[in-house]
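Coordinates as given in work11.txt (compact mmCIF, C-alpha atoms):
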```
# COMPACT_ATOMS: atom_id res chain seq x y z
CA MET A 30 -107.97 58.36 31.83
CA GLN A 31 -107.08 62.02 31.54
CA GLY A 32 -109.42 64.73 32.74
CA THR A 33 -109.70 66.10 29.24
CA GLU A 34 -110.82 62.70 27.93
CA ILE A 35 -113.45 62.48 30.64
CA ALA A 36 -114.58 66.01 29.80
CA SER A 37 -114.85 65.09 26.14
CA LEU A 38 -116.90 61.99 27.02
CA ILE A 39 -119.26 64.07 29.16
CA ASN A 40 -119.73 66.51 26.29
CA ARG A 41 -120.54 63.66 23.94
CA VAL A 42 -123.00 62.27 26.50
CA GLY A 43 -124.54 65.73 26.47
CA MET A 44 -125.23 65.19 22.78
CA GLY A 45 -127.02 61.95 23.49
CA ASP A 46 -124.14 59.67 22.59
CA ARG A 47 -124.84 56.29 24.20
CA SER A 48 -121.45 54.74 23.47
CA ALA A 49 -119.74 57.70 25.14
CA PHE A 50 -122.04 57.13 28.10
CA VAL A 51 -120.89 53.52 28.41
CA SER A 52 -117.23 54.57 28.16
CA LEU A 53 -117.80 57.25 30.77
CA TYR A 54 -119.45 54.73 33.06
CA GLN A 55 -116.60 52.26 32.64
CA ALA A 56 -113.97 54.89 33.34
CA THR A 57 -115.62 56.53 36.32
CA SER A 58 -118.01 54.12 38.03
CA PRO A 59 -115.40 52.50 40.33
CA LYS A 60 -114.73 55.91 41.88
CA LEU A 61 -118.36 56.92 42.15
CA PHE A 62 -119.26 53.49 43.50
CA ALA A 63 -116.57 53.91 46.17
CA ILE A 64 -118.22 57.18 47.20
CA CYS A 65 -121.62 55.48 47.47
CA LEU A 66 -120.19 52.57 49.46
CA LYS A 67 -118.32 54.79 51.88
CA ILE A 68 -121.30 57.00 52.60
CA LEU A 69 -124.13 54.45 52.45
CA ARG A 70 -122.17 51.51 53.90
CA ASP A 71 -124.38 49.02 52.16
CA ARG A 72 -123.58 47.39 48.85
CA THR A 73 -127.16 47.02 47.61
CA GLU A 74 -128.05 50.59 48.48
CA ALA A 75 -124.80 51.78 46.95
CA GLU A 76 -125.60 50.05 43.66
CA GLU A 77 -129.08 51.54 43.62
CA ALA A 78 -127.60 54.95 44.29
CA LEU A 79 -125.08 54.42 41.49
CA GLN A 80 -127.93 53.86 39.04
CA GLU A 81 -129.61 57.11 40.05
CA ILE A 82 -126.31 58.95 39.85
CA TYR A 83 -125.59 57.88 36.26
CA ILE A 84 -129.13 58.74 35.26
CA LYS A 85 -128.46 62.23 36.62
CA VAL A 86 -125.15 62.28 34.74
CA TRP A 87 -126.98 61.46 31.50
CA GLN A 88 -129.56 64.16 32.18
CA ARG A 89 -127.15 66.85 33.29
CA ALA A 90 -124.24 66.22 30.91
CA ARG A 91 -125.29 69.13 28.71
CA THR A 92 -124.78 71.55 31.55
CA PHE A 93 -121.34 70.23 32.43
CA ALA A 94 -119.04 72.67 30.69
CA ALA A 95 -121.20 75.54 31.77
CA SER A 96 -120.20 74.77 35.31
CA ALA A 97 -116.55 75.17 34.32
CA GLY A 98 -115.36 72.69 36.89
CA LYS A 99 -113.06 69.71 36.54
CA PRO A 100 -114.90 66.66 35.25
CA ALA A 101 -113.87 64.47 38.19
CA THR A 102 -115.07 67.10 40.64
CA TRP A 103 -118.35 67.50 38.79
CA LEU A 104 -119.00 63.74 38.80
CA ALA A 105 -117.97 63.29 42.42
CA ALA A 106 -120.24 66.13 43.51
CA ILE A 107 -123.23 64.48 41.83
CA ALA A 108 -122.36 61.18 43.53
CA ARG A 109 -121.71 62.64 46.96
CA ASN A 110 -124.82 64.78 46.91
CA HIS A 111 -126.98 61.85 45.92
CA ALA A 112 -125.47 59.52 48.51
CA ILE A 113 -125.74 62.15 51.25
CA ASP A 114 -129.36 62.92 50.34
CA THR A 115 -130.14 59.21 50.44
CA ILE A 116 -128.63 58.70 53.85
CA ARG A 117 -130.23 61.85 55.25
CA ALA A 118 -133.60 60.66 54.00
CA ARG A 119 -133.00 57.26 55.56
CA LYS A 120 -132.05 58.63 58.94
CA PRO A 121 -134.05 61.77 59.55
CA ILE A 122 -132.42 63.82 62.20
CA THR A 123 -133.82 66.68 64.18
CA ASP A 124 -130.91 68.98 64.14
CA ASP A 125 -131.60 72.59 64.86
CA ILE A 126 -129.10 74.32 62.68
CA GLU A 127 -130.81 77.69 62.61
CA GLU A 128 -128.83 79.03 65.47
CA ALA A 129 -126.69 82.10 65.21
CA TYR A 130 -123.35 81.82 63.54
CA ASP A 131 -121.23 83.29 66.29
CA LEU A 132 -118.11 83.47 64.24
CA ALA A 133 -115.67 86.25 63.79
CA ASP A 134 -116.07 87.89 60.46
CA GLU A 135 -112.57 88.30 59.19
CA SER A 136 -112.83 87.05 55.68
CA ALA A 137 -115.28 89.35 54.01
CA ARG A 138 -114.27 89.89 50.42
CA ASP A 139 -115.83 91.13 47.29
CA PRO A 140 -117.46 88.47 45.15
CA GLU A 141 -115.27 89.56 42.23
CA GLN A 142 -112.17 88.93 44.26
CA GLN A 143 -113.50 85.52 45.24
CA ILE A 144 -113.76 84.38 41.66
CA VAL A 145 -110.18 85.25 40.93
CA LEU A 146 -109.04 83.51 44.08
CA ALA A 147 -110.97 80.39 43.22
CA ASP A 148 -108.47 79.60 40.54
CA GLU A 149 -105.60 79.79 42.96
CA GLY A 150 -107.06 77.15 45.29
CA ARG A 151 -105.61 73.65 45.54
CA ARG A 152 -104.09 74.23 48.92
CA ILE A 153 -106.64 72.49 51.07
CA GLU A 154 -104.22 69.90 52.41
CA ALA A 155 -101.73 72.56 53.47
CA CYS A 156 -104.47 74.55 55.13
CA MET A 157 -105.84 71.45 56.87
CA ARG A 158 -102.50 71.13 58.63
CA GLU A 159 -103.08 74.51 60.22
CA LEU A 160 -106.19 73.23 61.96
CA GLU A 161 -106.09 71.39 65.26
CA THR A 162 -105.77 67.69 64.50
CA VAL A 163 -109.12 66.74 65.95
CA HIS A 164 -110.86 69.52 64.02
CA ALA A 165 -109.17 68.53 60.78
CA GLN A 166 -110.29 64.95 61.35
CA ALA A 167 -113.85 66.09 61.90
CA VAL A 168 -113.83 68.06 58.66
CA ARG A 169 -112.34 65.18 56.70
CA ARG A 170 -114.67 62.54 58.11
CA ALA A 171 -117.70 64.76 57.53
CA TYR A 172 -116.72 65.10 53.89
CA VAL A 173 -115.50 61.59 53.14
CA GLU A 174 -118.04 59.60 55.14
CA GLY A 175 -120.95 62.01 54.74
CA LEU A 176 -121.57 62.16 58.49
CA SER A 177 -124.16 64.53 59.89
CA TYR A 178 -123.39 66.84 62.81
CA LEU A 179 -125.18 64.43 65.12
CA GLU A 180 -123.24 61.41 63.88
CA LEU A 181 -119.98 63.32 64.15
CA ALA A 182 -120.81 64.28 67.73
CA GLU A 183 -121.50 60.64 68.58
CA GLU A 184 -118.40 59.35 66.81
CA LEU A 185 -116.12 61.95 68.32
CA ARG A 186 -117.88 61.85 71.71
CA VAL A 187 -118.32 65.56 72.04
CA PRO A 188 -121.51 67.61 72.42
CA LEU A 189 -123.38 68.49 69.24
CA ASN A 190 -122.80 72.21 69.67
CA THR A 191 -119.10 71.65 70.12
CA VAL A 192 -118.70 69.72 66.91
CA ARG A 193 -120.78 72.28 65.06
CA THR A 194 -118.58 75.09 66.31
CA TRP A 195 -115.47 73.11 65.38
CA LEU A 196 -116.62 72.65 61.84
CA ARG A 197 -117.81 76.19 61.29
CA ARG A 198 -114.63 77.67 62.74
CA SER A 199 -112.60 75.23 60.67
CA LEU A 200 -114.39 76.32 57.51
CA LEU A 201 -113.67 79.92 58.35
CA LYS A 202 -110.00 79.17 59.00
CA LEU A 203 -109.71 77.16 55.81
CA ARG A 204 -111.19 80.02 53.84
CA GLU A 205 -108.79 82.50 55.44
CA CYS A 206 -105.85 80.22 54.80
CA MET A 207 -106.75 79.59 51.18
CA GLN A 208 -107.13 83.29 50.49
CA ARG A 209 -103.81 84.18 51.96
CA MET B 135 -120.30 96.11 45.45
CA THR B 136 -120.25 94.71 48.91
CA THR B 137 -119.54 97.57 51.15
CA GLY B 138 -120.61 97.88 54.73
CA GLU B 139 -120.53 95.41 57.56
CA GLN B 140 -123.83 93.82 56.70
CA SER B 141 -122.84 92.44 53.35
CA GLY B 142 -119.45 91.30 54.60
CA GLY B 143 -121.01 89.46 57.50
CA LYS B 144 -123.69 87.94 55.35
CA HIS B 145 -121.14 86.89 52.82
CA SER B 146 -119.05 85.16 55.43
CA HIS B 147 -122.14 83.46 56.81
CA ASP B 148 -123.07 82.30 53.32
CA ASP B 149 -119.59 80.98 52.72
CA ILE B 150 -119.73 78.87 55.89
CA LEU B 151 -123.20 77.66 54.93
CA ALA B 152 -121.93 76.71 51.48
CA GLY B 153 -119.06 74.84 53.13
CA GLU B 154 -121.47 72.97 55.41
CA TYR B 155 -123.54 72.04 52.37
CA VAL B 156 -120.50 70.64 50.56
CA LEU B 157 -119.26 68.77 53.64
CA GLY B 158 -122.73 67.25 53.78
CA VAL B 159 -123.45 67.79 57.47
CA LEU B 160 -126.79 69.54 57.02
CA PRO B 161 -130.21 67.90 57.35
CA LEU B 162 -132.18 67.08 54.23
CA GLU B 163 -134.64 69.99 54.40
CA LYS B 164 -131.82 72.46 54.73
CA ARG B 165 -130.01 70.84 51.79
CA ARG B 166 -133.15 71.18 49.67
CA GLU B 167 -133.55 74.79 50.68
CA LEU B 168 -129.97 75.60 49.70
CA GLU B 169 -130.31 73.75 46.40
CA ARG B 170 -133.32 75.90 45.56
CA ARG B 171 -131.32 78.94 46.50
CA MET B 172 -128.47 77.93 44.18
CA GLN B 173 -130.91 78.05 41.26
CA ASP B 174 -131.52 81.78 41.69
CA ASP B 175 -128.51 83.02 43.58
CA ALA B 176 -125.46 82.70 41.35
CA ALA B 177 -123.13 84.15 43.96
CA PHE B 178 -124.15 81.50 46.46
CA ALA B 179 -123.89 78.75 43.84
CA GLN B 180 -120.36 79.95 43.18
CA LEU B 181 -119.45 79.67 46.83
CA VAL B 182 -120.64 76.07 46.76
CA GLN B 183 -118.67 75.34 43.61
CA ARG B 184 -115.54 76.75 45.10
CA TRP B 185 -115.76 74.53 48.18
CA GLU B 186 -116.50 71.57 45.93
CA ALA B 187 -113.35 72.27 43.94
CA GLU B 188 -111.27 72.79 47.06
CA PHE B 189 -112.49 69.75 48.97
CA SER B 190 -112.23 67.58 45.85
CA ASP B 191 -108.68 66.69 46.93
CA PHE B 192 -110.33 64.55 49.61
CA ASN B 193 -111.88 62.41 46.87
CA ALA B 194 -108.53 60.62 46.82
CA ASP B 195 -109.72 58.93 50.04
CA TYR B 196 -112.32 56.94 48.13
CA GLN B 197 -110.68 53.70 47.05
CA GLU B 198 -112.02 52.64 43.69
CA GLN B 199 -114.23 49.59 43.73
CA ALA B 200 -116.05 47.94 40.84
CA PRO B 201 -119.83 47.68 41.05
CA SER B 202 -121.64 44.53 39.87
CA ALA B 203 -121.71 44.10 36.14
CA THR B 204 -125.51 44.21 36.18
CA VAL B 205 -125.64 47.85 37.28
CA LEU B 206 -124.76 49.28 33.88
CA ALA B 207 -127.33 47.05 32.20
CA ARG B 208 -130.01 48.29 34.58
CA ILE B 209 -129.06 51.91 33.94
CA GLU B 210 -129.17 51.41 30.18
CA GLU B 211 -132.50 49.66 30.46
CA ARG B 212 -133.92 52.56 32.43
CA LEU B 213 -132.46 55.24 30.19
CA PHE B 214 -132.96 53.70 26.80
CA GLY B 215 -135.30 50.77 27.37
CA GLY B 216 -136.81 49.31 24.24
CA ARG B 217 -138.13 52.68 23.24
CA THR B 218 -136.65 54.66 20.47
CA VAL B 219 -135.85 58.22 21.21
CA ASN B 220 -138.64 60.27 19.82
CA THR B 221 -139.53 63.88 19.61
CA ASN B 222 -142.84 65.63 19.84
CA GLY B 223 -145.20 66.12 16.98
CA SER B 224 -144.32 68.70 14.42
CA LEU B 225 -144.77 72.26 15.47
CA TRP B 226 -144.30 73.70 12.09
CA ASN B 227 -145.46 71.80 9.05
CA SER B 228 -146.06 74.64 6.71
CA ALA B 229 -144.27 74.42 3.39
CA SER B 230 -143.79 78.14 3.33
CA PHE B 231 -140.80 78.93 1.26
CA TRP B 232 -139.08 81.12 3.72
CA ARG B 233 -139.67 81.12 7.35
CA TRP B 234 -138.30 82.90 10.33
CA ILE B 235 -138.59 81.61 13.77
CA SER B 236 -137.58 83.54 16.78
CA VAL B 237 -137.09 81.59 19.89
CA ALA B 238 -135.97 83.07 23.11
CA THR B 239 -134.84 80.50 25.59
CA SER B 240 -134.53 81.17 29.22
CA ALA B 241 -134.30 79.37 32.51
CA THR B 242 -135.83 76.00 31.78
CA ALA B 243 -136.97 76.74 28.29
CA VAL B 244 -136.78 74.33 25.48
CA ALA B 245 -136.85 74.62 21.76
CA ALA B 246 -134.87 76.25 19.11
CA ILE B 247 -136.10 75.15 15.76
CA VAL B 248 -133.90 74.63 12.79
CA TYR B 249 -135.16 73.89 9.35
CA ALA B 250 -132.87 71.50 7.62
CA ALA B 251 -134.85 70.63 4.57
CA PHE B 252 -133.41 70.43 1.13
CA PRO B 253 -134.93 71.56 -2.13
CA GLU B 254 -135.38 68.16 -3.67
CA LYS B 255 -137.14 66.94 -0.57
CA TRP B 256 -139.55 69.82 -0.48
CA GLN B 257 -141.84 68.75 -3.23
CA GLY B 258 -144.11 66.75 -0.97
CA ALA B 259 -144.50 69.78 1.28
CA THR B 260 -142.79 67.94 4.10
CA PRO B 261 -139.90 70.02 5.34
CA LEU B 262 -137.31 68.30 7.42
CA VAL B 263 -137.23 69.94 10.80
CA ALA B 264 -135.16 69.43 13.88
CA GLU B 265 -136.11 70.69 17.25
CA LEU B 266 -132.99 71.63 19.11
CA ALA B 267 -133.74 71.61 22.78
CA THR B 268 -131.61 73.94 24.78
CA THR B 269 -130.56 73.77 28.35
CA ASP B 270 -130.72 76.77 30.60
CA SER B 271 -128.10 78.68 28.69
CA GLN B 272 -129.14 82.18 27.88
CA VAL B 273 -128.97 82.04 24.15
CA ASN B 274 -131.51 83.29 21.67
CA LEU B 275 -131.57 81.74 18.24
CA LEU B 276 -133.20 83.13 15.18
CA ALA B 277 -133.43 80.34 12.64
CA SER B 278 -134.57 80.21 9.07
CA TYR B 279 -134.10 78.09 5.99
CA ASP B 280 -134.10 79.12 2.38
CA ALA B 281 -134.92 76.06 0.35
CA GLU B 282 -133.93 77.63 -2.93
CA SER B 283 -130.36 78.34 -2.03
CA GLY B 284 -129.92 75.50 0.42
CA ARG B 285 -129.09 77.99 3.07
CA MET B 286 -129.79 77.55 6.71
CA HIS B 287 -129.73 80.77 8.67
CA ILE B 288 -129.27 80.78 12.37
CA VAL B 289 -128.61 84.06 14.04
CA PRO B 290 -127.41 83.51 17.54
CA VAL B 291 -128.29 86.40 19.74
CA ALA B 292 -125.90 85.71 22.52
CA THR B 293 -126.81 87.10 25.84
CA GLY B 294 -124.47 87.61 28.73
CA LYS B 295 -120.98 86.30 28.61
CA THR B 296 -120.82 84.63 25.27
CA ASP B 297 -119.31 87.73 23.65
CA GLU B 298 -116.05 86.10 22.91
CA LYS B 299 -117.47 82.73 22.01
CA SER B 300 -118.71 81.17 18.84
CA LEU B 301 -121.64 78.86 18.33
CA GLU B 302 -120.78 75.82 16.26
CA LEU B 303 -123.23 73.45 14.60
CA TRP B 304 -122.41 69.76 14.68
CA LEU B 305 -123.58 66.68 12.94
CA VAL B 306 -123.61 63.82 15.44
CA MET B 307 -122.95 60.58 13.63
CA ASP B 308 -123.46 56.97 14.64
CA GLY B 309 -121.08 56.10 17.41
CA GLY B 310 -121.20 59.66 18.64
CA LYS B 311 -118.51 61.14 16.44
CA THR B 312 -119.17 64.70 15.50
CA ARG B 313 -118.47 66.61 12.32
CA SER B 314 -118.56 70.33 12.22
CA LEU B 315 -121.17 71.85 9.95
CA GLY B 316 -119.78 75.28 10.54
CA VAL B 317 -119.39 78.15 12.91
CA PHE B 318 -121.96 80.91 13.15
CA GLN B 319 -120.14 84.13 12.47
CA PRO B 320 -121.05 86.95 14.78
CA GLY B 321 -121.90 90.29 13.29
CA THR B 322 -123.34 88.77 10.14
CA ASN B 323 -126.88 87.76 9.40
CA GLY B 324 -126.18 84.26 10.59
CA ASP B 325 -125.78 82.50 7.28
CA LEU B 326 -124.44 79.02 7.57
CA ILE B 327 -124.01 77.18 4.34
CA ILE B 328 -123.90 73.47 4.82
CA PRO B 329 -120.92 72.20 2.81
CA ALA B 330 -122.08 70.41 -0.31
CA ASP B 331 -120.33 67.19 0.64
CA MET B 332 -122.15 67.15 3.95
CA ARG B 333 -125.65 67.53 2.57
CA ASN B 334 -126.07 63.85 1.85
CA SER B 335 -125.27 63.10 5.47
CA ILE B 336 -128.33 65.00 6.61
CA THR B 337 -131.44 62.94 6.60
CA GLU B 338 -134.17 61.74 8.87
CA GLY B 339 -132.72 60.65 12.18
CA THR B 340 -129.68 62.88 11.87
CA THR B 341 -128.73 64.39 15.19
CA PHE B 342 -127.65 68.00 15.32
CA ALA B 343 -126.05 69.77 18.19
CA ILE B 344 -124.90 73.29 18.84
CA SER B 345 -122.07 73.97 21.25
CA VAL B 346 -120.44 77.07 22.59
CA GLU B 347 -116.82 77.12 21.47
CA PRO B 348 -113.85 79.43 21.74
CA PHE B 349 -114.08 82.32 19.31
CA GLY B 350 -113.74 81.01 15.78
CA GLY B 351 -114.77 77.46 16.57
CA SER B 352 -113.48 74.36 18.26
CA PRO B 353 -109.72 74.06 18.16
CA THR B 354 -109.87 70.26 18.19
CA GLY B 355 -112.46 69.49 15.54
CA GLN B 356 -114.70 67.99 18.22
CA ALA B 357 -117.14 69.85 20.41
CA THR B 358 -115.28 71.11 23.45
CA GLY B 359 -117.71 73.56 24.98
CA PRO B 360 -121.13 73.17 26.55
CA VAL B 361 -123.74 71.73 24.24
CA ILE B 362 -126.58 74.20 24.35
CA ALA B 363 -128.90 72.42 21.99
CA VAL B 364 -129.32 68.97 20.58
CA GLY B 365 -132.03 67.41 18.47
CA THR B 366 -132.88 64.84 15.87
CA ALA B 367 -134.16 65.60 12.41
CA ARG B 368 -137.37 64.12 11.16
CA TRP B 369 -139.77 64.73 8.33
CA GLY B 370 -141.92 67.52 9.62
```
Give the structure from the file, written as structure tokens.
Amino acid sequence: MQGTEIASLINRVGMGDRSAFVSLYQATSPKLFAICLKILRDRTEAEEALQEIYIKVWQRARTFAASAGKPATWLAAIARNHAIDTIRARKPITDDIEEAYDLADESARDPEQQIVLADEGRRIEACMRELETVHAQAVRRAYVEGLSYLELAEELRVPLNTVRTWLRRSLLKLRECMQR
Amino acid sequence: MTTGEQSGGKHSHDDILAGEYVLGVLPLEKRRELERRMQDDAAFAQLVQRWEAEFSDFNADYQEQAPSATVLARIEERLFGGRTVNTNGSLWNSASFWRWISVATSATAVAAIVYAAFPEKWQGATPLVAELATTDSQVNLLASYDAESGRMHIVPVATGKTDEKSLELWLVMDGGKTRSLGVFQPGTNGDLIIPADMRNSITEGTTFAISVEPFGGSPTGQATGPVIAVGTARWG
């Protein structure tokens, strides 16, 4: 289904249209369910999460166009955020993230400039190739699997502070690259 | 706007923080804190949205998988249950001939009221009213209905960036199809005359919606922009 069709369904859901809601669910639930499964790694929990996600979709559909994003991105963000919140609540971690961000500040730009640049995006894959392989993997796994810093450190067998620095520096490099 | 080292540094810090939020690596309390911040800090919310858009390419890594067929049924049960969708009691039940309502909506506010009664229905002093609940869009509506002429007046007082947009009123029919009832013309007093052939379609249970459309109205004949208000008519 085309993005514009999905967008139109979301707008109709925003008007309280139940049949549009069912169509939207049928078109998009396999993707959102995949997100839940990947992050929660448990089918029952993933199905419970999927219920909550579509209830949020129903409730938030009216605000969709206001966010001016692509419909697939909007839906995936709701699903990822819910799944990540669920897993964070399940496995509370004491992770002191309030430490200083000791990163070079090379990418300061005006907010106005940022908005214009946002439309140029779409180069994340190219920019990922500019990162060291292990850093790029850390970024991708964090996003796709919803891993916390602690889990990433364990999976990659590096100290917590190291993985945190990798990710923050990678974010900075990605931003620089995408603004080039 | 952002001059000086401080703002640049802070901005960069915020951008990284927004990226960490979107990656999902932060603990729950920090996520909650940032979500609260997004409510008030539009610049920060925009940083988050940008990372979301950029990282969305990674969503290709999620291999589609069908959930159990029972999930949809459970969602529908929870959302719609056996209950019928109902609105609150009538706020205005006066049969006053001419009435102006000024409603300013803000942050989480609800309620723009539209009178959609028709002369022949007025004799029992029961005007048909619809409460159009708005989302957090910054739109003020001034609504009135003149029973004698069959005119509904809604003066949208757009705030912020709706300058080059139009507000369009929709009739939402069974099955969710929409029919345009008209576009509110800016710079006028907000008259919107419901086409004669549409008047019979408006009755108790009719759902109205107002969306923000490109200037002059939806190019497709269906609502394309954000729906800022939706509500069901009932006998007030």
Determine, counting only C-alpha atoms, which protein, DNA and RNA residues have an atom within 10 Å of an atom of Val86 (chain A); residues of the same chain fewer than 2 positions away are not included. Present the result as number ranges by chain.
A: 39, 42-43, 50, 53-54, 80-84, 88-93, 103-104, 107-108
Written file, previous selection with C-alpha atoms, as a tab-separated table (two decimals), in the frame of the given file:
```
chain	number	residue	atom	x	y	z
A	39	ILE	CA	-119.26	64.07	29.16
A	42	VAL	CA	-123.00	62.27	26.50
A	43	GLY	CA	-124.54	65.73	26.47
A	50	PHE	CA	-122.04	57.13	28.10
A	53	LEU	CA	-117.80	57.25	30.77
A	54	TYR	CA	-119.45	54.73	33.06
A	80	GLN	CA	-127.93	53.86	39.04
A	81	GLU	CA	-129.61	57.11	40.05
A	82	ILE	CA	-126.31	58.95	39.85
A	83	TYR	CA	-125.59	57.88	36.26
A	84	ILE	CA	-129.13	58.74	35.26
A	88	GLN	CA	-129.56	64.16	32.18
A	89	ARG	CA	-127.15	66.85	33.29
A	90	ALA	CA	-124.24	66.22	30.91
A	91	ARG	CA	-125.29	69.13	28.71
A	92	THR	CA	-124.78	71.55	31.55
A	93	PHE	CA	-121.34	70.23	32.43
A	103	TRP	CA	-118.35	67.50	38.79
A	104	LEU	CA	-119.00	63.74	38.80
A	107	ILE	CA	-123.23	64.48	41.83
A	108	ALA	CA	-122.36	61.18	43.53
```
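Nearest-residue note for chain B: choosing from A:Ala182, A:Cys156, A:Met44, A:Met207, the minimum distance belongs to A:Met44, counting only C-alpha atoms.
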Return as a VMD selection string the residues belonging to chain B that are within 8 Å of chain A, counting only C-alpha atoms.
chain B and resid 135 to 136 142 to 143 145 to 147 150 153 to 154 156 to 162 177 183 to 184 186 to 193 195 to 202 205 to 206 208 to 209 213 269 to 270 306 309 to 310 343 357 to 362 364
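Going from CA of Arg165 (chain B) over to CA of Arg70 (chain A), you cover 21.0 Å.
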Return the padded bounding box of region 38-52 of chain A as lines of an AutoDock Vina configuration file: axis-aligned, built from all atoms listed in the file, 5 Å added on each side, with centre and edge lengths in Å to one decimal.
```
center_x = -122.0
center_y = 60.0
center_z = 25.9
size_x = 20.1
size_y = 23.0
size_z = 16.6
```
What separation in Å, quoted to one decimal, exists between CA of Val346 (chain B) and CA of Ala363 (chain B)?
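CA of Ala363 (chain B) lies 9.7 Å from CA of Val346 (chain B).
Separating CA of Leu189 (chain A) from CA of Cys206 (chain A) is a distance of 25.6 Å.
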For region 188-208 of chain A in the structure I just supplied, write out N, CA and C atoms - as a short mmCIF file (atom, residue, chain, number, x, y, z; two decimals), in the first residue's frame.
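Saved to out.cif:
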```
data_model
loop_
_atom_site.label_atom_id
_atom_site.label_comp_id
_atom_site.auth_asym_id
_atom_site.auth_seq_id
_atom_site.Cartn_x
_atom_site.Cartn_y
_atom_site.Cartn_z
N PRO A 188 33.32 -2.13 27.78
CA PRO A 188 32.81 -1.41 28.95
C PRO A 188 31.65 -0.49 28.58
N LEU A 189 30.79 -0.27 29.56
CA LEU A 189 29.61 0.58 29.37
C LEU A 189 29.99 1.96 28.84
N ASN A 190 31.00 2.56 29.47
CA ASN A 190 31.38 3.91 29.04
C ASN A 190 31.89 3.95 27.61
N THR A 191 32.52 2.86 27.21
CA THR A 191 33.03 2.80 25.85
C THR A 191 31.88 2.80 24.84
N VAL A 192 30.90 1.96 25.13
CA VAL A 192 29.80 1.86 24.16
C VAL A 192 29.00 3.16 24.12
N ARG A 193 28.91 3.80 25.28
CA ARG A 193 28.20 5.08 25.32
C ARG A 193 28.93 6.12 24.48
N THR A 194 30.24 6.16 24.63
CA THR A 194 31.02 7.11 23.84
C THR A 194 30.91 6.79 22.35
N TRP A 195 30.96 5.51 22.01
CA TRP A 195 30.80 5.12 20.60
C TRP A 195 29.51 5.68 20.02
N LEU A 196 28.43 5.46 20.76
CA LEU A 196 27.14 5.86 20.22
C LEU A 196 27.01 7.37 20.11
N ARG A 197 27.46 8.06 21.15
CA ARG A 197 27.33 9.52 21.10
C ARG A 197 28.20 10.12 19.99
N ARG A 198 29.40 9.60 19.87
CA ARG A 198 30.28 10.11 18.80
C ARG A 198 29.69 9.75 17.43
N SER A 199 29.11 8.57 17.35
CA SER A 199 28.51 8.15 16.08
C SER A 199 27.35 9.07 15.70
N LEU A 200 26.54 9.42 16.71
CA LEU A 200 25.42 10.33 16.44
C LEU A 200 25.93 11.67 15.93
N LEU A 201 26.98 12.13 16.56
CA LEU A 201 27.57 13.41 16.15
C LEU A 201 28.10 13.32 14.71
N LYS A 202 28.78 12.22 14.41
CA LYS A 202 29.32 12.05 13.06
C LYS A 202 28.20 11.92 12.03
N LEU A 203 27.16 11.20 12.40
CA LEU A 203 26.03 11.05 11.48
C LEU A 203 25.41 12.40 11.19
N ARG A 204 25.26 13.19 12.25
CA ARG A 204 24.66 14.52 12.05
C ARG A 204 25.54 15.36 11.13
N GLU A 205 26.84 15.34 11.38
CA GLU A 205 27.76 16.11 10.52
C GLU A 205 27.65 15.64 9.08
N CYS A 206 27.67 14.35 8.91
CA CYS A 206 27.63 13.77 7.56
C CYS A 206 26.34 14.15 6.85
N MET A 207 25.22 14.09 7.57
CA MET A 207 23.95 14.34 6.91
C MET A 207 23.73 15.81 6.63
N GLN A 208 24.52 16.66 7.26
CA GLN A 208 24.37 18.10 7.00
C GLN A 208 25.36 18.58 5.97
#
```
